[in-house]
Each structure stands twice: as C-alpha cells, then as structure tokens.
$ cat upload04.cif   # mmCIF, C-alpha atoms
data_model
loop_
_atom_site.label_atom_id
_atom_site.label_comp_id
_atom_site.auth_asym_id
_atom_site.auth_seq_id
_atom_site.Cartn_x
_atom_site.Cartn_y
_atom_site.Cartn_z
CA MET A 997 14.61 16.12 35.25
CA ALA A 998 13.51 13.37 37.60
CA ILE A 999 10.00 13.23 39.03
CA SER A 1000 10.40 14.14 42.70
CA ARG A 1001 8.16 13.89 45.76
CA ALA A 1002 7.34 17.59 45.49
CA GLN A 1003 5.80 17.03 42.04
CA ILE A 1004 3.53 14.19 43.13
CA LEU A 1005 3.08 15.03 46.81
CA LYS A 1006 -0.71 14.73 46.68
CA GLU A 1007 -0.29 10.97 46.25
CA LEU A 1008 0.56 10.88 49.96
CA THR A 1009 -2.49 12.90 50.98
CA PRO A 1010 -5.09 10.83 52.86
CA GLY A 1011 -8.54 10.93 51.30
CA LEU A 1012 -7.40 11.72 47.76
CA HIS A 1013 -10.36 10.59 45.69
CA ALA A 1014 -9.09 10.51 42.10
CA ILE A 1015 -6.27 11.35 39.74
CA PHE A 1016 -7.31 12.60 36.31
CA GLY A 1017 -5.84 13.98 33.09
CA SER A 1018 -3.89 11.03 31.73
CA GLU A 1019 -6.52 8.33 31.24
CA TYR A 1020 -8.29 9.64 28.15
CA GLY A 1021 -9.18 7.28 25.35
CA ARG A 1022 -7.23 7.36 22.11
CA TYR A 1023 -7.87 6.80 18.45
CA GLU A 1024 -6.20 3.45 17.90
CA ASP A 1025 -3.92 2.74 14.95
CA GLU A 1026 -5.40 5.21 12.48
CA HIS A 1027 -2.09 5.04 10.63
CA ALA A 1028 -2.58 1.36 9.80
CA VAL A 1029 -5.08 2.07 6.98
CA LEU A 1030 -2.89 4.79 5.49
CA PHE A 1031 0.06 2.55 4.65
CA ASP A 1032 1.04 -0.99 3.79
CA SER A 1033 3.24 -2.32 6.57
CA GLU A 1034 6.61 -4.06 6.10
CA THR A 1035 9.61 -4.81 8.29
CA SER A 1036 13.18 -3.70 7.79
CA LYS A 1037 16.57 -5.04 8.83
CA ARG A 1038 18.63 -2.18 7.46
CA ALA A 1039 19.47 1.39 8.43
CA PHE A 1040 17.25 2.54 5.55
CA GLU A 1041 15.28 1.01 2.71
CA GLU A 1042 15.41 1.90 -0.97
CA GLU A 1043 13.01 0.98 -3.77
CA VAL A 1044 13.79 1.66 -7.42
CA LEU A 1045 11.43 2.29 -10.31
CA PHE A 1046 11.78 -0.05 -13.29
CA PRO A 1047 9.42 1.29 -15.97
CA GLY A 1048 9.26 -1.67 -18.35
CA PHE A 1049 8.47 -1.14 -22.03
CA GLU A 1050 6.25 1.08 -24.14
CA GLU A 1051 3.55 -0.44 -26.34
CA ALA A 1052 4.85 -2.41 -29.29
CA GLN A 1053 5.09 -0.77 -32.70
CA ILE A 1054 3.59 -2.04 -35.93
CA LYS A 1055 6.32 -3.55 -38.10
CA GLY A 1056 6.03 -2.81 -41.78
CA GLU A 1057 6.69 -5.53 -44.33
CA GLY A 1058 10.43 -5.86 -44.84
CA ALA A 1059 11.19 -3.21 -42.23
CA SER A 1060 13.55 -3.68 -39.32
CA ILE A 1061 12.14 -4.47 -35.92
CA SER A 1062 12.27 -1.68 -33.33
CA TYR A 1063 14.22 -2.17 -30.10
CA ALA A 1064 12.79 -0.95 -26.84
CA GLU A 1065 14.81 0.83 -24.19
CA ALA A 1066 14.69 -0.10 -20.53
CA GLY A 1067 16.45 1.04 -17.41
CA GLU A 1068 16.03 2.12 -13.83
CA GLY A 1069 14.13 5.23 -12.88
CA PHE A 1070 14.06 7.20 -9.63
CA ILE A 1071 14.80 5.76 -6.19
CA ALA A 1072 12.49 6.07 -3.20
CA ARG A 1073 14.31 6.03 0.14
CA TYR A 1074 12.82 5.30 3.57
CA SER A 1075 15.04 6.64 6.35
CA HIS A 1076 14.02 5.27 9.72
CA ASN A 1077 13.43 7.64 12.62
CA THR A 1078 14.20 6.61 16.19
CA ILE A 1079 11.40 7.66 18.53
CA ALA A 1080 12.08 7.57 22.27
CA LEU A 1081 10.51 8.92 25.43
CA ALA A 1082 11.71 8.50 29.00
CA PHE A 1083 11.06 9.57 32.56
CA SER A 1084 12.86 9.05 35.83
CA ILE A 1085 11.82 9.02 39.49
CA THR A 1086 13.96 10.11 42.40
CA GLU A 1087 15.32 7.64 44.90
CA GLU A 1088 13.29 9.26 47.68
CA ALA A 1089 10.02 8.99 45.76
CA MET A 1090 10.73 5.31 45.21
CA GLU A 1091 11.38 4.83 48.97
CA ASP A 1092 8.04 6.46 49.80
CA ASN A 1093 6.26 4.06 47.43
CA LEU A 1094 5.05 6.87 45.19
CA TYR A 1095 5.98 4.90 42.09
CA ASP A 1096 3.86 1.98 43.27
CA LYS A 1097 0.89 4.33 43.42
CA LEU A 1098 1.53 5.79 39.97
CA SER A 1099 3.21 2.95 38.06
CA THR A 1100 0.16 1.95 36.01
CA ARG A 1101 -0.69 5.55 35.19
CA LEU A 1102 2.87 6.48 34.23
CA THR A 1103 3.40 3.46 31.99
CA LYS A 1104 0.02 4.01 30.30
CA SER A 1105 0.90 7.66 29.74
CA LEU A 1106 4.23 6.64 28.22
CA ALA A 1107 2.53 4.19 25.85
CA ARG A 1108 -0.13 6.75 24.94
CA ALA A 1109 2.48 9.39 24.10
CA MET A 1110 4.48 6.97 21.95
CA ALA A 1111 1.35 5.86 20.07
CA SER A 1112 0.27 9.45 19.50
CA THR A 1113 3.68 10.33 18.06
CA LYS A 1114 3.40 7.46 15.59
CA GLN A 1115 -0.09 8.52 14.50
CA THR A 1116 1.04 12.11 13.96
CA THR A 1117 4.18 11.10 12.04
CA ALA A 1118 2.12 8.90 9.73
CA SER A 1119 -0.61 11.50 9.19
CA ASN A 1120 1.94 14.17 8.32
CA VAL A 1121 2.85 12.28 5.14
CA TYR A 1122 -0.70 13.07 4.01
CA ASN A 1123 -0.76 16.55 5.56
CA ASN A 1124 2.39 17.45 3.60
CA ALA A 1125 1.39 15.61 0.42
CA PHE A 1126 0.76 18.84 -1.54
CA SER A 1127 3.83 20.70 -0.27
CA SER A 1128 6.86 21.23 -2.52
CA SER A 1129 8.99 21.10 0.64
CA PHE A 1130 8.30 17.35 0.89
CA THR A 1131 9.23 15.57 -2.31
CA GLY A 1132 9.38 11.94 -3.39
CA GLY A 1133 11.93 10.11 -5.49
CA ASP A 1134 10.67 11.79 -8.67
CA GLY A 1135 11.47 15.23 -7.27
CA VAL A 1136 7.92 16.53 -6.79
CA SER A 1137 5.36 16.36 -4.01
CA LEU A 1138 3.40 13.17 -3.42
CA LEU A 1139 0.19 14.73 -4.77
CA ASN A 1140 1.10 16.72 -7.84
CA ALA A 1141 -0.22 17.55 -11.31
CA SER A 1142 3.20 17.10 -12.94
CA HIS A 1143 4.84 13.82 -12.00
CA PRO A 1144 7.66 13.31 -14.52
CA THR A 1145 7.85 9.95 -16.29
CA SER A 1146 10.58 8.12 -18.17
CA SER A 1147 8.61 8.56 -21.40
CA GLY A 1148 9.07 12.32 -21.16
CA THR A 1149 5.46 13.13 -20.27
CA VAL A 1150 3.93 14.17 -16.96
CA GLN A 1151 1.05 12.59 -15.09
CA SER A 1152 -1.25 13.82 -12.33
CA ASN A 1153 -2.74 12.33 -9.17
CA VAL A 1154 -4.77 15.40 -8.20
CA LEU A 1155 -8.01 16.86 -9.54
CA SER A 1156 -7.51 19.41 -12.30
CA SER A 1157 -9.44 21.92 -10.17
CA ASN A 1158 -9.27 21.85 -6.38
CA SER A 1159 -12.68 20.73 -5.13
CA ASP A 1160 -14.41 19.97 -1.87
CA LEU A 1161 -15.76 16.49 -1.25
CA SER A 1162 -18.97 16.00 -3.24
CA GLU A 1163 -20.58 13.50 -5.57
CA THR A 1164 -19.07 15.29 -8.57
CA SER A 1165 -15.52 15.56 -7.19
CA LEU A 1166 -15.52 11.98 -5.92
CA GLU A 1167 -16.76 10.61 -9.25
CA GLN A 1168 -14.15 12.64 -11.16
CA SER A 1169 -11.43 11.34 -8.82
CA LEU A 1170 -12.44 7.76 -9.60
CA ILE A 1171 -12.43 8.50 -13.32
CA ASP A 1172 -8.96 10.04 -13.09
CA ILE A 1173 -7.62 7.08 -11.10
CA SER A 1174 -8.90 4.61 -13.69
CA GLY A 1175 -6.94 6.60 -16.27
CA PHE A 1176 -3.56 6.15 -14.58
CA LYS A 1177 -0.77 4.93 -16.87
CA ASP A 1178 2.60 3.42 -16.10
CA ASP A 1179 5.85 5.28 -16.69
CA LYS A 1180 5.87 4.26 -20.36
CA GLY A 1181 2.31 5.40 -20.99
CA VAL A 1182 0.63 1.98 -20.88
CA PRO A 1183 -2.76 1.93 -19.06
CA ALA A 1184 -2.13 0.60 -15.55
CA ALA A 1185 -5.58 -0.75 -14.51
CA ILE A 1186 -5.41 0.87 -11.08
CA GLN A 1187 -8.55 1.22 -8.98
CA ALA A 1188 -9.54 3.00 -5.78
CA LYS A 1189 -9.55 1.12 -2.45
CA THR A 1190 -10.38 3.48 0.40
CA LEU A 1191 -11.35 7.10 1.03
CA HIS A 1192 -9.53 9.00 3.80
CA ILE A 1193 -10.95 12.18 5.30
CA PRO A 1194 -10.60 14.59 8.24
CA LYS A 1195 -13.24 14.53 10.96
CA GLU A 1196 -14.97 17.55 9.42
CA LEU A 1197 -16.07 15.52 6.39
CA VAL A 1198 -17.48 12.45 8.13
CA PHE A 1199 -21.13 13.38 7.59
CA THR A 1200 -20.56 14.29 3.94
CA ALA A 1201 -18.74 11.01 3.35
CA GLU A 1202 -21.46 8.99 5.04
CA ARG A 1203 -24.12 10.50 2.82
CA LEU A 1204 -22.06 9.93 -0.31
CA MET A 1205 -20.95 6.41 0.52
CA ALA A 1206 -23.86 4.87 2.41
CA SER A 1207 -27.01 6.21 0.80
CA PRO A 1208 -28.54 3.88 -1.86
CA TYR A 1209 -29.72 6.95 -3.79
CA ARG A 1210 -28.09 10.18 -4.91
CA THR A 1211 -27.92 12.88 -2.27
CA SER A 1212 -29.24 16.44 -2.53
CA THR A 1213 -31.47 15.71 -5.49
CA ALA A 1214 -35.17 14.98 -5.97
CA ASP A 1215 -34.38 12.44 -8.67
CA ASN A 1216 -34.74 8.77 -7.84
CA ASP A 1217 -31.33 7.88 -9.27
CA ILE A 1218 -29.17 5.23 -7.67
CA ASN A 1219 -25.97 6.13 -5.87
CA ALA A 1220 -23.53 5.05 -8.59
CA ILE A 1221 -20.51 5.14 -6.27
CA LYS A 1222 -22.12 2.78 -3.77
CA ASN A 1223 -23.87 0.60 -6.35
CA SER A 1224 -20.73 0.02 -8.43
CA GLY A 1225 -18.53 -0.67 -5.39
CA MET A 1226 -15.78 1.52 -6.78
CA ILE A 1227 -14.44 2.28 -3.29
CA PRO A 1228 -14.70 -1.23 -1.83
CA GLY A 1229 -12.90 -0.44 1.43
CA GLY A 1230 -15.22 2.40 2.41
CA TYR A 1231 -13.98 5.54 4.15
CA TYR A 1232 -11.80 6.20 7.19
CA VAL A 1233 -11.63 9.25 9.41
CA ASN A 1234 -8.23 10.49 10.55
CA HIS A 1235 -8.24 12.84 13.52
CA ARG A 1236 -4.78 14.20 12.77
CA PHE A 1237 -5.44 15.44 9.25
CA THR A 1238 -4.94 19.20 9.45
CA ASP A 1239 -6.73 20.36 6.30
CA THR A 1240 -10.44 20.37 7.03
CA ASP A 1241 -11.57 19.99 3.40
CA ALA A 1242 -8.83 17.85 1.83
CA PHE A 1243 -9.62 14.24 0.97
CA PHE A 1244 -7.48 11.33 -0.18
CA ILE A 1245 -8.11 8.07 -2.01
CA ARG A 1246 -5.75 5.12 -1.62
CA THR A 1247 -5.50 2.90 -4.66
CA ASP A 1248 -4.46 -0.70 -5.28
CA ALA A 1249 -1.24 0.33 -7.03
CA PRO A 1250 1.53 -1.94 -5.71
CA ASP A 1251 4.39 -0.33 -3.76
CA GLY A 1252 2.49 2.89 -3.09
CA MET A 1253 2.10 4.11 0.48
CA LYS A 1254 4.45 2.21 2.80
CA MET A 1255 5.67 2.06 6.37
CA PHE A 1256 8.71 0.13 7.55
CA THR A 1257 9.20 -1.06 11.11
CA ARG A 1258 12.90 -1.31 11.90
CA THR A 1259 12.52 -1.89 15.64
CA PRO A 1260 9.16 -2.56 17.35
CA ILE A 1261 8.37 -0.63 20.49
CA SER A 1262 10.22 -1.82 23.59
CA THR A 1263 10.56 -0.57 27.15
CA SER A 1264 13.41 -0.72 29.63
CA MET A 1265 14.38 0.54 33.08
CA GLU A 1266 17.62 1.02 34.95
CA GLY A 1267 18.94 2.63 38.11
CA ASP A 1268 21.36 5.54 38.09
CA PHE A 1269 24.32 4.91 40.44
CA GLU A 1270 25.13 8.54 41.19
CA THR A 1271 21.62 9.81 42.00
CA GLY A 1272 19.78 6.64 42.90
CA ASN A 1273 17.02 7.66 40.49
CA VAL A 1274 15.23 5.02 38.44
CA ARG A 1275 14.87 5.70 34.73
CA TYR A 1276 12.23 4.30 32.37
CA LYS A 1277 12.37 4.47 28.57
CA ALA A 1278 10.23 3.50 25.58
CA ARG A 1279 11.81 3.30 22.12
CA GLU A 1280 10.91 2.28 18.57
CA ARG A 1281 12.20 2.94 15.08
CA TYR A 1282 10.17 3.25 11.89
CA SER A 1283 9.61 5.22 8.69
CA PHE A 1284 6.63 6.32 6.59
CA GLY A 1285 6.60 7.33 2.94
CA HIS A 1286 5.75 6.33 -0.61
CA SER A 1287 7.38 4.71 -3.59
CA ASP A 1288 4.84 4.86 -6.43
CA TRP A 1289 2.78 8.06 -6.34
CA ARG A 1290 -0.05 6.17 -8.06
CA GLY A 1291 -0.83 4.70 -4.66
CA LEU A 1292 -2.64 7.90 -3.70
CA PHE A 1293 -5.00 10.45 -5.24
CA GLY A 1294 -6.23 13.60 -3.58
CA THR A 1295 -7.22 17.24 -3.53
CA PRO A 1296 -6.71 19.97 -0.91
CA GLY A 1297 -10.26 21.17 -1.37
CA GLU A 1298 -11.30 24.63 -2.42
#
$ encode --input "upload04.cif" --output "structure tokens"
Amino acid sequence: MAISRAQILKELTPGLHAIFGSEYGRYEDEHAVLFDSETSKRAFEEEVLFPGFEEAQIKGEGASISYAEAGEGFIARYSHNTIALAFSITEEAMEDNLYDKLSTRLTKSLARAMASTKQTTASNVYNNAFSSSFTGGDGVSLLNASHPTSSGTVQSNVLSSNSDLSETSLEQSLIDISGFKDDKGVPAAIQAKTLHIPKELVFTAERLMASPYRTSTADNDINAIKNSGMIPGGYYVNHRFTDTDAFFIRTDAPDGMKMFTRTPISTSMEGDFETGNVRYKARERYSFGHSDWRGLFGTPGE
C-alpha cells in the first residue's frame, strides 16, 4: 500500500517541531565478526569435505605396506536468500512535496531495516546452533556432541556438561578446542580466536578476560586465560543472541563459519504508470552458514 497524504499529513502542519521514532542508533555490523566473508557468482555455493589420511602404520620387516583410503565426505551448501524491502508514495503526496520533507528519513529507515534483517539472519545461525531442526552437511546440528567422522568415530564441539560462562567453563572449552582432531583422527592444532556472548554476559566476560588476576578468589594467582593469550581476539557482544547464558568461541579452523555475498545491497526507484505512485526498493542477496563444525565451540549454558 502506498504512503498517502493522510498517513503523513502532519508534515504539512505549520509549527511541527520534530519527527521521532525512526532515527535511533544501531549496532553496526555485529555479524562481521561471526563469519568469514566471501563473494559468490553462483545461485548457491557448495564446499566438500576431503578428510585426507589417517596416521601411518608401522611396517614390520618383510611385511606388505598398508594402503590408505581417501575420498570425499559430506557437502556443505550455502543457498543464497534474496532480501528486499520497498515502499511507495502516492502521486498526490509527491505533488505536495511531502517526499522532499521525508526523503532522508525514509531512505535511512529503509537502510536501517535492511541492515537489521542481515544482523538477525546472521545471529540466527548461532541461535539455532544447538537445534536438531537446523543441521549441517554432516547431518547434525552445528554445535553437537556427536559429529560423525569418516573414521567411524564421533567428535564434539560442546562442553560435556552444559555450563554458564565462568573461569572453569571457559578454560575447559579451550582445552577441548585444543583437542580437536581431523576426520581421520589426526590432531588438528586448532586454537580459539574470539569469544561471542549475549549482552547479559558482558560484565562476566570483562572480568574473565580483562583482569590480570583470577576473579572471585582471594588467591593472588594470575589470570591464565589473559596471560596466555589463548583468546587473542577478545570477546564480542551480540545484541541479537536470544539465549541469555549461551556462549560461543570461534576458532581458527579454516572453512568454518562463512557468509557469501551474492549481490551487494542496491536501491532503485521507478514510477507506476497506472497510479502515478513512485516506488522505492532496496535489495541484496546473501547466505550464512558453516562448512567445518570445528570453526565453532559453544554451550547453551545451564
């Protein structure tokens, strides 16, 4: 439905002091630290697991050499979503210069809505990371205790017991990450990069990450997490995380959390011949997801 004069009639009222409600600040690009960004020129992108080889076997004297098996594993697919938002203004409102009065506000509101959609879409990959309704190429959720591997074993990227953010749970998460193995069971030398939390955990994270000494103890011990630099990128707050006690750790595993931009955001306008209305549209196309689950570690909290 087009924006008519009746909907924005106050713009013609002499002495109108201010218009409010659409000029709030916004949390800029919180999705950027959640994913590695790439571009795409296809309708969708696929990435395939190639596990490599298991550790070599000891060859006995005079015995035959053993031959390793290799082949492709699961496929991760990124299907791009088209995001669009539009508004139109009646011919009469344009004649009365109402668009001139509101053009900056309307275009800013359009940009703000598009940006907010992108932030929410990205954050939902994390919000749904524990849900069996949202599975990756290996058939299980992104954060799961039973990721199947080509060697026939399972691996985990969650804490064995759900825990709230604390010195103990954070240290155990770092230990578990350093124990990641590849699909053939070979140690993968993966380390943590950044901690990602909801707004409710910002003060807990600051105490754990910034203090030079251990928190909540009378001992004069150093803060091992800070002193060792095991989370070199620090922590980031995401205001669209829905679980108030879940926390996530991104790792340096290659091809982990990814976003693909198929079409950057663009805007356009055109007139409608039949009605005389003027239509404005913003559009972009992108996808968020993961290939290697080792790119993320997390717990939903207690």
$ resolve_selection --input "upload04.cif" --expression "the PyMOL selection byres ((chain A and resi 1207) around 12)" --output "number ranges by chain"
A: 1163, 1199-1206, 1208-1212, 1216-1223
$ resolve_selection --input "upload04.cif" --expression "the PyMOL selection byres ((chain A and resi 1117-1127) around 8)" --output "PDB file with C-alpha atoms, in the coordinates of the input"
ATOM      1  CA  HIS A1027      -2.090   5.040  10.630  1.00  0.00           C
ATOM      2  CA  LEU A1030      -2.890   4.790   5.490  1.00  0.00           C
ATOM      3  CA  THR A1113       3.680  10.330  18.060  1.00  0.00           C
ATOM      4  CA  LYS A1114       3.400   7.460  15.590  1.00  0.00           C
ATOM      5  CA  GLN A1115      -0.090   8.520  14.500  1.00  0.00           C
ATOM      6  CA  THR A1116       1.040  12.110  13.960  1.00  0.00           C
ATOM      7  CA  SER A1128       6.860  21.230  -2.520  1.00  0.00           C
ATOM      8  CA  SER A1129       8.990  21.100   0.640  1.00  0.00           C
ATOM      9  CA  PHE A1130       8.300  17.350   0.890  1.00  0.00           C
ATOM     10  CA  THR A1131       9.230  15.570  -2.310  1.00  0.00           C
ATOM     11  CA  SER A1137       5.360  16.360  -4.010  1.00  0.00           C
ATOM     12  CA  LEU A1138       3.400  13.170  -3.420  1.00  0.00           C
ATOM     13  CA  LEU A1139       0.190  14.730  -4.770  1.00  0.00           C
ATOM     14  CA  ASN A1140       1.100  16.720  -7.840  1.00  0.00           C
ATOM     15  CA  ASN A1234      -8.230  10.490  10.550  1.00  0.00           C
ATOM     16  CA  ARG A1236      -4.780  14.200  12.770  1.00  0.00           C
ATOM     17  CA  PHE A1237      -5.440  15.440   9.250  1.00  0.00           C
ATOM     18  CA  THR A1238      -4.940  19.200   9.450  1.00  0.00           C
ATOM     19  CA  ASP A1239      -6.730  20.360   6.300  1.00  0.00           C
ATOM     20  CA  PHE A1284       6.630   6.320   6.590  1.00  0.00           C
ATOM     21  CA  GLY A1285       6.600   7.330   2.940  1.00  0.00           C
ATOM     22  CA  PRO A1296      -6.710  19.970  -0.910  1.00  0.00           C
TER      23      PRO A1296
END
$ closest_residue --input "upload04.cif" --among "A:Ala1039, A:Val1150, A:Ile1245, A:Met1110" --to "Ser1075 (chain A)" --atoms "only C-alpha atoms"
A:Ala1039
$ closest_residue --input "upload04.cif" --among "A:Ser1156, A:Ser1062, A:Ile1261, A:Phe1031" --to "Ala1249 (chain A)" --atoms "all atoms listed in the file"
A:Phe1031
$ closest_residue --input "upload04.cif" --among "A:Lys1104, A:Lys1177, A:Lys1189, A:His1143" --to "Thr1263 (chain A)" --atoms "all atoms listed in the file"
A:Lys1104
$ residues_near_point --input "upload04.cif" --point "(8.6, -3.8, 19.9)" --cutoff "12 Å" --atoms "only C-alpha atoms" --output "PyMOL selection string"
chain A and resi 1035+1079+1107+1110+1257-1264+1278-1282
$ atom_distance --input "upload04.cif" --atom1 "CA of Ser1283 (chain A)" --atom2 "CA of Ala1109 (chain A)"
17.5 Å
$ closest_residue --input "upload04.cif" --among "A:Thr1190, A:Ser1287, A:Ser1105, A:Ser1174" --to "Phe1083 (chain A)" --atoms "all atoms listed in the file"
A:Ser1105
$ atom_distance --input "upload04.cif" --atom1 "CA of Val1029 (chain A)" --atom2 "CA of Ala1184 (chain A)"
22.8 Å
